[in-house]
Structures are given as C-alpha cells and as structure tokens.
Amino acid sequence: MPKMKTKSAAKKRFKFTATGKVKVGPAGKRHGMIKRSTKFIRETSGTMVLCEADTRIVKKYMPYNR
C-alpha cells in the first residue's frame, strides 16, 4: 500500500501538543500592523489552541502526526 500524504501547508502551520490538541498562530499578524489596534496586536501574540471542529479537519491533513 502507498503511504498517505501529509498536506505541506498544514505541516508548516500547525503543531500538535502531547495530548493531541492543535496549536496554531493567530491570523492577521503578517502585515498591515499600522491599521490594527494595539489591543488586537497584543491579544494575537503567541499561539492558540484550535477548537474541536477545526482540530478534526487538521488531523485529516496530517495523518502521521497524531
């Protein structure tokens, strides 16, 4: 049987925690910081954990990282 392929875009954007949750960086921080509020920039620092519905989608994209 051939191996299943991992989506290249998914492996660059997502990491898994030890308990199987998916970590991701918040959206909206690549460019255009002048027009964003200081509160928005502060709140989107670091990483966040995806919700359960989105976690199921990401796990289909990355079959070997569960």
# chains A, B, ... in the order shown; residues from 1 in each chain; ligands from 1
>>> residues_around(residues="A:Glu52", least_positions_apart="2", cutoff="12 Å", atoms="only C-alpha atoms", output="list in words")
Gly20, Lys21, Val22, Lys23, Val49, Leu50, Asp54, Thr55, Arg56, Ile57, Val58 and Lys59 of chain A
>>> select_by_dssp(residues="chain A", states="helix (DSSP H, G or I)", output="MDAnalysis selection string")
chainID A and resid 8:13 38:43 52:61
>>> residues_around(residues="A:Arg30", least_positions_apart="4", cutoff="12 Å", atoms="only C-alpha atoms", output="PyMOL selection string")
chain A and resi 25-26+34+36+41+44-45
>>> write_last_selection(atoms="N, CA, C and O atoms", output="PDB file, in the first residue's frame")
ATOM      1  N   GLY A  25      -0.712  29.651  15.220  1.00  0.00           N
ATOM      2  CA  GLY A  25      -0.541  31.079  15.428  1.00  0.00           C
ATOM      3  C   GLY A  25      -1.777  31.824  14.977  1.00  0.00           C
ATOM      4  O   GLY A  25      -2.383  31.463  13.965  1.00  0.00           O
ATOM      5  N   PRO A  26      -2.193  32.868  15.689  1.00  0.00           N
ATOM      6  CA  PRO A  26      -3.392  33.609  15.310  1.00  0.00           C
ATOM      7  C   PRO A  26      -3.229  34.297  13.952  1.00  0.00           C
ATOM      8  O   PRO A  26      -2.121  34.664  13.557  1.00  0.00           O
ATOM      9  N   ILE A  34       0.005  48.848  11.121  1.00  0.00           N
ATOM     10  CA  ILE A  34      -0.307  50.249  11.438  1.00  0.00           C
ATOM     11  C   ILE A  34      -1.807  50.444  11.588  1.00  0.00           C
ATOM     12  O   ILE A  34      -2.283  51.154  12.478  1.00  0.00           O
ATOM     13  N   ARG A  36      -3.983  48.205  12.482  1.00  0.00           N
ATOM     14  CA  ARG A  36      -4.549  47.376  13.551  1.00  0.00           C
ATOM     15  C   ARG A  36      -4.432  48.103  14.891  1.00  0.00           C
ATOM     16  O   ARG A  36      -3.496  48.875  15.114  1.00  0.00           O
ATOM     17  N   ILE A  41      -3.107  43.633  18.363  1.00  0.00           N
ATOM     18  CA  ILE A  41      -1.735  43.133  18.237  1.00  0.00           C
ATOM     19  C   ILE A  41      -1.308  42.417  19.513  1.00  0.00           C
ATOM     20  O   ILE A  41      -0.683  41.359  19.476  1.00  0.00           O
ATOM     21  N   THR A  44      -3.130  38.912  19.905  1.00  0.00           N
ATOM     22  CA  THR A  44      -2.800  37.861  18.945  1.00  0.00           C
ATOM     23  C   THR A  44      -1.347  37.421  19.028  1.00  0.00           C
ATOM     24  O   THR A  44      -0.843  36.794  18.100  1.00  0.00           O
ATOM     25  N   SER A  45      -0.663  37.733  20.104  1.00  0.00           N
ATOM     26  CA  SER A  45       0.719  37.270  20.257  1.00  0.00           C
ATOM     27  C   SER A  45       0.722  35.816  20.712  1.00  0.00           C
ATOM     28  O   SER A  45      -0.239  35.329  21.304  1.00  0.00           O
TER      29      SER A  45
END
>>> residues_around(residues="A:Asn65", least_positions_apart="5", cutoff="12 Å", atoms="only C-alpha atoms", output="PDB file with N, CA and C atoms, in the first residue's frame")
ATOM      1  N   MET A   4       0.110   7.504   2.899  1.00  0.00           N
ATOM      2  CA  MET A   4      -0.754   8.675   2.794  1.00  0.00           C
ATOM      3  C   MET A   4       0.117   9.923   2.816  1.00  0.00           C
ATOM      4  N   LYS A   5      -0.316  10.948   2.095  1.00  0.00           N
ATOM      5  CA  LYS A   5       0.480  12.167   2.022  1.00  0.00           C
ATOM      6  C   LYS A   5      -0.005  13.197   3.037  1.00  0.00           C
ATOM      7  N   THR A   6       0.955  13.888   3.657  1.00  0.00           N
ATOM      8  CA  THR A   6       0.662  14.999   4.550  1.00  0.00           C
ATOM      9  C   THR A   6       0.564  16.267   3.721  1.00  0.00           C
ATOM     10  N   LYS A   7      -0.431  17.105   4.007  1.00  0.00           N
ATOM     11  CA  LYS A   7      -0.544  18.388   3.313  1.00  0.00           C
ATOM     12  C   LYS A   7       0.621  19.283   3.722  1.00  0.00           C
ATOM     13  N   ALA A  10      -0.301  22.352   5.793  1.00  0.00           N
ATOM     14  CA  ALA A  10      -0.692  22.057   7.174  1.00  0.00           C
ATOM     15  C   ALA A  10       0.521  21.821   8.064  1.00  0.00           C
ATOM     16  N   LYS A  11       1.533  21.135   7.550  1.00  0.00           N
ATOM     17  CA  LYS A  11       2.691  20.856   8.402  1.00  0.00           C
ATOM     18  C   LYS A  11       3.500  22.105   8.695  1.00  0.00           C
ATOM     19  N   PHE A  14       0.724  24.123  11.587  1.00  0.00           N
ATOM     20  CA  PHE A  14       0.172  23.537  12.797  1.00  0.00           C
ATOM     21  C   PHE A  14       1.190  22.664  13.513  1.00  0.00           C
ATOM     22  N   LYS A  15       1.099  22.641  14.845  1.00  0.00           N
ATOM     23  CA  LYS A  15       1.871  21.725  15.679  1.00  0.00           C
ATOM     24  C   LYS A  15       0.894  21.030  16.621  1.00  0.00           C
ATOM     25  N   PHE A  16       1.257  19.829  17.075  1.00  0.00           N
ATOM     26  CA  PHE A  16       0.407  19.085  17.986  1.00  0.00           C
ATOM     27  C   PHE A  16       0.980  19.114  19.398  1.00  0.00           C
ATOM     28  N   THR A  17       0.095  19.204  20.387  1.00  0.00           N
ATOM     29  CA  THR A  17       0.515  19.093  21.777  1.00  0.00           C
ATOM     30  C   THR A  17       0.600  17.613  22.140  1.00  0.00           C
ATOM     31  N   ALA A  18       1.093  17.325  23.324  1.00  0.00           N
ATOM     32  CA  ALA A  18       1.233  15.933  23.757  1.00  0.00           C
ATOM     33  C   ALA A  18      -0.126  15.264  23.951  1.00  0.00           C
ATOM     34  N   THR A  19      -1.159  16.052  24.244  1.00  0.00           N
ATOM     35  CA  THR A  19      -2.492  15.474  24.457  1.00  0.00           C
ATOM     36  C   THR A  19      -3.304  15.403  23.173  1.00  0.00           C
ATOM     37  N   GLY A  20      -2.734  15.832  22.036  1.00  0.00           N
ATOM     38  CA  GLY A  20      -3.430  15.719  20.761  1.00  0.00           C
ATOM     39  C   GLY A  20      -4.150  16.966  20.306  1.00  0.00           C
ATOM     40  N   LYS A  21      -4.023  18.063  21.051  1.00  0.00           N
ATOM     41  CA  LYS A  21      -4.629  19.314  20.612  1.00  0.00           C
ATOM     42  C   LYS A  21      -3.737  19.956  19.557  1.00  0.00           C
ATOM     43  N   VAL A  22      -4.308  20.897  18.801  1.00  0.00           N
ATOM     44  CA  VAL A  22      -3.572  21.522  17.704  1.00  0.00           C
ATOM     45  C   VAL A  22      -3.253  22.967  18.062  1.00  0.00           C
ATOM     46  N   VAL A  58      -7.820  19.358  10.667  1.00  0.00           N
ATOM     47  CA  VAL A  58      -6.359  19.379  10.595  1.00  0.00           C
ATOM     48  C   VAL A  58      -5.794  17.973  10.730  1.00  0.00           C
ATOM     49  N   LYS A  59      -6.385  17.137  11.558  1.00  0.00           N
ATOM     50  CA  LYS A  59      -5.882  15.780  11.742  1.00  0.00           C
ATOM     51  C   LYS A  59      -6.045  14.935  10.486  1.00  0.00           C
ATOM     52  N   LYS A  60      -7.027  15.253   9.637  1.00  0.00           N
ATOM     53  CA  LYS A  60      -7.141  14.568   8.354  1.00  0.00           C
ATOM     54  C   LYS A  60      -6.007  14.962   7.412  1.00  0.00           C
TER      55      LYS A  60
END
>>> atom_distance(atom1="atom CA of A:Ala9", atom2="atom CA of A:Met33")
24.0 Å
>>> select_by_dssp(residues="stretch 11-57 of chain A", states="strand (DSSP E)", output="MDAnalysis selection string")
chainID A and resid 14:16 22:24 48:49
>>> atom_distance(atom1="atom CA of A:His31", atom2="atom CA of A:Gly46")
16.2 Å
>>> closest_residue(among="A:Ser37, A:Met62, A:Arg42, A:Thr47", to="A:Lys12", atoms="only C-alpha atoms")
A:Met62
>>> atom_distance(atom1="atom CA of A:Pro63", atom2="atom CA of A:Lys3")
9.9 Å
>>> decode(residues="stretch 46-62 of chain A", atoms="all heavy atoms", output="PDB file, in the first residue's frame")
ATOM      1  N   GLY A  46       1.805  35.124  20.439  1.00  0.00           N
ATOM      2  CA  GLY A  46       1.945  33.739  20.883  1.00  0.00           C
ATOM      3  C   GLY A  46       1.148  32.775  20.033  1.00  0.00           C
ATOM      4  O   GLY A  46       0.935  33.001  18.838  1.00  0.00           O
ATOM      5  N   THR A  47       0.715  31.681  20.630  1.00  0.00           N
ATOM      6  CA  THR A  47      -0.050  30.657  19.919  1.00  0.00           C
ATOM      7  C   THR A  47      -1.376  30.438  20.615  1.00  0.00           C
ATOM      8  O   THR A  47      -1.572  30.848  21.760  1.00  0.00           O
ATOM      9  CB  THR A  47       0.713  29.318  19.876  1.00  0.00           C
ATOM     10  OG1 THR A  47       0.979  28.901  21.209  1.00  0.00           O
ATOM     11  CG2 THR A  47       2.005  29.446  19.111  1.00  0.00           C
ATOM     12  N   MET A  48      -2.304  29.773  19.903  1.00  0.00           N
ATOM     13  CA  MET A  48      -3.593  29.430  20.482  1.00  0.00           C
ATOM     14  C   MET A  48      -3.920  27.989  20.120  1.00  0.00           C
ATOM     15  O   MET A  48      -3.269  27.399  19.262  1.00  0.00           O
ATOM     16  CB  MET A  48      -4.677  30.368  19.968  1.00  0.00           C
ATOM     17  CG  MET A  48      -4.780  30.440  18.465  1.00  0.00           C
ATOM     18  SD  MET A  48      -5.957  31.656  17.926  1.00  0.00           S
ATOM     19  CE  MET A  48      -7.243  30.614  17.313  1.00  0.00           C
ATOM     20  N   VAL A  49      -4.902  27.415  20.796  1.00  0.00           N
ATOM     21  CA  VAL A  49      -5.323  26.044  20.544  1.00  0.00           C
ATOM     22  C   VAL A  49      -6.605  26.090  19.718  1.00  0.00           C
ATOM     23  O   VAL A  49      -7.525  26.849  20.023  1.00  0.00           O
ATOM     24  CB  VAL A  49      -5.551  25.294  21.875  1.00  0.00           C
ATOM     25  CG1 VAL A  49      -6.078  23.899  21.619  1.00  0.00           C
ATOM     26  CG2 VAL A  49      -4.261  25.228  22.668  1.00  0.00           C
ATOM     27  N   LEU A  50      -6.663  25.276  18.662  1.00  0.00           N
ATOM     28  CA  LEU A  50      -7.841  25.254  17.798  1.00  0.00           C
ATOM     29  C   LEU A  50      -9.019  24.598  18.499  1.00  0.00           C
ATOM     30  O   LEU A  50      -8.843  23.755  19.392  1.00  0.00           O
ATOM     31  CB  LEU A  50      -7.539  24.461  16.523  1.00  0.00           C
ATOM     32  CG  LEU A  50      -6.739  25.148  15.443  1.00  0.00           C
ATOM     33  CD1 LEU A  50      -6.632  24.231  14.230  1.00  0.00           C
ATOM     34  CD2 LEU A  50      -7.376  26.448  15.025  1.00  0.00           C
ATOM     35  N   CYS A  51     -10.228  24.933  18.049  1.00  0.00           N
ATOM     36  CA  CYS A  51     -11.433  24.312  18.589  1.00  0.00           C
ATOM     37  C   CYS A  51     -11.543  22.879  18.056  1.00  0.00           C
ATOM     38  O   CYS A  51     -10.838  22.481  17.128  1.00  0.00           O
ATOM     39  CB  CYS A  51     -12.675  25.123  18.236  1.00  0.00           C
ATOM     40  SG  CYS A  51     -13.044  25.150  16.489  1.00  0.00           S
ATOM     41  N   GLU A  52     -12.442  22.121  18.639  1.00  0.00           N
ATOM     42  CA  GLU A  52     -12.560  20.695  18.328  1.00  0.00           C
ATOM     43  C   GLU A  52     -12.951  20.453  16.866  1.00  0.00           C
ATOM     44  O   GLU A  52     -12.436  19.530  16.224  1.00  0.00           O
ATOM     45  CB  GLU A  52     -13.602  20.057  19.256  1.00  0.00           C
ATOM     46  CG  GLU A  52     -13.693  18.548  19.133  1.00  0.00           C
ATOM     47  CD  GLU A  52     -12.381  17.835  19.461  1.00  0.00           C
ATOM     48  OE1 GLU A  52     -11.676  18.264  20.382  1.00  0.00           O
ATOM     49  OE2 GLU A  52     -12.065  16.840  18.777  1.00  0.00           O
ATOM     50  N   ALA A  53     -13.832  21.278  16.314  1.00  0.00           N
ATOM     51  CA  ALA A  53     -14.274  21.092  14.924  1.00  0.00           C
ATOM     52  C   ALA A  53     -13.117  21.295  13.947  1.00  0.00           C
ATOM     53  O   ALA A  53     -12.944  20.526  13.001  1.00  0.00           O
ATOM     54  CB  ALA A  53     -15.404  22.058  14.610  1.00  0.00           C
ATOM     55  N   ASP A  54     -12.305  22.325  14.174  1.00  0.00           N
ATOM     56  CA  ASP A  54     -11.164  22.574  13.296  1.00  0.00           C
ATOM     57  C   ASP A  54     -10.052  21.552  13.519  1.00  0.00           C
ATOM     58  O   ASP A  54      -9.308  21.231  12.581  1.00  0.00           O
ATOM     59  CB  ASP A  54     -10.620  23.987  13.521  1.00  0.00           C
ATOM     60  CG  ASP A  54     -11.602  25.055  13.093  1.00  0.00           C
ATOM     61  OD1 ASP A  54     -12.434  24.772  12.209  1.00  0.00           O
ATOM     62  OD2 ASP A  54     -11.540  26.168  13.638  1.00  0.00           O
ATOM     63  N   THR A  55      -9.941  21.033  14.729  1.00  0.00           N
ATOM     64  CA  THR A  55      -8.929  20.019  15.028  1.00  0.00           C
ATOM     65  C   THR A  55      -9.155  18.766  14.197  1.00  0.00           C
ATOM     66  O   THR A  55      -8.207  18.170  13.687  1.00  0.00           O
ATOM     67  CB  THR A  55      -8.946  19.671  16.527  1.00  0.00           C
ATOM     68  OG1 THR A  55      -8.651  20.846  17.266  1.00  0.00           O
ATOM     69  CG2 THR A  55      -7.916  18.608  16.859  1.00  0.00           C
ATOM     70  N   ARG A  56     -10.422  18.366  14.029  1.00  0.00           N
ATOM     71  CA  ARG A  56     -10.728  17.181  13.229  1.00  0.00           C
ATOM     72  C   ARG A  56     -10.280  17.357  11.783  1.00  0.00           C
ATOM     73  O   ARG A  56      -9.771  16.433  11.149  1.00  0.00           O
ATOM     74  CB  ARG A  56     -12.224  16.878  13.276  1.00  0.00           C
ATOM     75  CG  ARG A  56     -12.608  16.059  14.486  1.00  0.00           C
ATOM     76  CD  ARG A  56     -14.056  15.632  14.421  1.00  0.00           C
ATOM     77  NE  ARG A  56     -14.762  16.338  15.486  1.00  0.00           N
ATOM     78  CZ  ARG A  56     -15.812  17.115  15.320  1.00  0.00           C
ATOM     79  NH1 ARG A  56     -16.310  17.321  14.121  1.00  0.00           N
ATOM     80  NH2 ARG A  56     -16.366  17.705  16.339  1.00  0.00           N
ATOM     81  N   ILE A  57     -10.454  18.560  11.234  1.00  0.00           N
ATOM     82  CA  ILE A  57     -10.057  18.838   9.854  1.00  0.00           C
ATOM     83  C   ILE A  57      -8.538  18.757   9.716  1.00  0.00           C
ATOM     84  O   ILE A  57      -8.017  18.144   8.779  1.00  0.00           O
ATOM     85  CB  ILE A  57     -10.570  20.220   9.430  1.00  0.00           C
ATOM     86  CG1 ILE A  57     -12.094  20.238   9.419  1.00  0.00           C
ATOM     87  CG2 ILE A  57     -10.029  20.607   8.065  1.00  0.00           C
ATOM     88  CD1 ILE A  57     -12.696  21.620   9.289  1.00  0.00           C
ATOM     89  N   VAL A  58      -7.820  19.358  10.667  1.00  0.00           N
ATOM     90  CA  VAL A  58      -6.359  19.379  10.595  1.00  0.00           C
ATOM     91  C   VAL A  58      -5.794  17.973  10.730  1.00  0.00           C
ATOM     92  O   VAL A  58      -4.819  17.613  10.053  1.00  0.00           O
ATOM     93  CB  VAL A  58      -5.780  20.318  11.676  1.00  0.00           C
ATOM     94  CG1 VAL A  58      -4.278  20.201  11.762  1.00  0.00           C
ATOM     95  CG2 VAL A  58      -6.184  21.745  11.386  1.00  0.00           C
ATOM     96  N   LYS A  59      -6.385  17.137  11.558  1.00  0.00           N
ATOM     97  CA  LYS A  59      -5.882  15.780  11.742  1.00  0.00           C
ATOM     98  C   LYS A  59      -6.045  14.935  10.486  1.00  0.00           C
ATOM     99  O   LYS A  59      -5.271  14.001  10.252  1.00  0.00           O
ATOM    100  CB  LYS A  59      -6.579  15.119  12.930  1.00  0.00           C
ATOM    101  CG  LYS A  59      -6.048  15.643  14.249  1.00  0.00           C
ATOM    102  CD  LYS A  59      -6.623  14.902  15.422  1.00  0.00           C
ATOM    103  CE  LYS A  59      -6.001  15.406  16.714  1.00  0.00           C
ATOM    104  NZ  LYS A  59      -6.505  14.704  17.875  1.00  0.00           N
ATOM    105  N   LYS A  60      -7.027  15.253   9.637  1.00  0.00           N
ATOM    106  CA  LYS A  60      -7.141  14.568   8.354  1.00  0.00           C
ATOM    107  C   LYS A  60      -6.007  14.962   7.412  1.00  0.00           C
ATOM    108  O   LYS A  60      -5.541  14.159   6.605  1.00  0.00           O
ATOM    109  CB  LYS A  60      -8.480  14.906   7.694  1.00  0.00           C
ATOM    110  CG  LYS A  60      -9.668  14.227   8.340  1.00  0.00           C
ATOM    111  CD  LYS A  60     -10.945  14.600   7.626  1.00  0.00           C
ATOM    112  CE  LYS A  60     -12.148  14.063   8.370  1.00  0.00           C
ATOM    113  NZ  LYS A  60     -13.414  14.557   7.788  1.00  0.00           N
ATOM    114  N   TYR A  61      -5.562  16.192   7.512  1.00  0.00           N
ATOM    115  CA  TYR A  61      -4.474  16.686   6.661  1.00  0.00           C
ATOM    116  C   TYR A  61      -3.131  16.114   7.071  1.00  0.00           C
ATOM    117  O   TYR A  61      -2.219  16.027   6.254  1.00  0.00           O
ATOM    118  CB  TYR A  61      -4.387  18.203   6.719  1.00  0.00           C
ATOM    119  CG  TYR A  61      -5.524  18.935   6.080  1.00  0.00           C
ATOM    120  CD1 TYR A  61      -5.797  20.242   6.408  1.00  0.00           C
ATOM    121  CD2 TYR A  61      -6.326  18.335   5.115  1.00  0.00           C
ATOM    122  CE1 TYR A  61      -6.832  20.938   5.812  1.00  0.00           C
ATOM    123  CE2 TYR A  61      -7.365  19.010   4.524  1.00  0.00           C
ATOM    124  CZ  TYR A  61      -7.608  20.316   4.865  1.00  0.00           C
ATOM    125  OH  TYR A  61      -8.641  20.994   4.283  1.00  0.00           O
ATOM    126  N   MET A  62      -2.981  15.743   8.351  1.00  0.00           N
ATOM    127  CA  MET A  62      -1.703  15.271   8.873  1.00  0.00           C
ATOM    128  C   MET A  62      -1.889  13.886   9.487  1.00  0.00           C
ATOM    129  O   MET A  62      -1.981  13.730  10.707  1.00  0.00           O
ATOM    130  CB  MET A  62      -1.171  16.262   9.901  1.00  0.00           C
ATOM    131  CG  MET A  62      -1.010  17.655   9.324  1.00  0.00           C
ATOM    132  SD  MET A  62      -0.564  18.880  10.522  1.00  0.00           S
ATOM    133  CE  MET A  62       1.120  18.468  10.825  1.00  0.00           C
TER     134      MET A  62
END
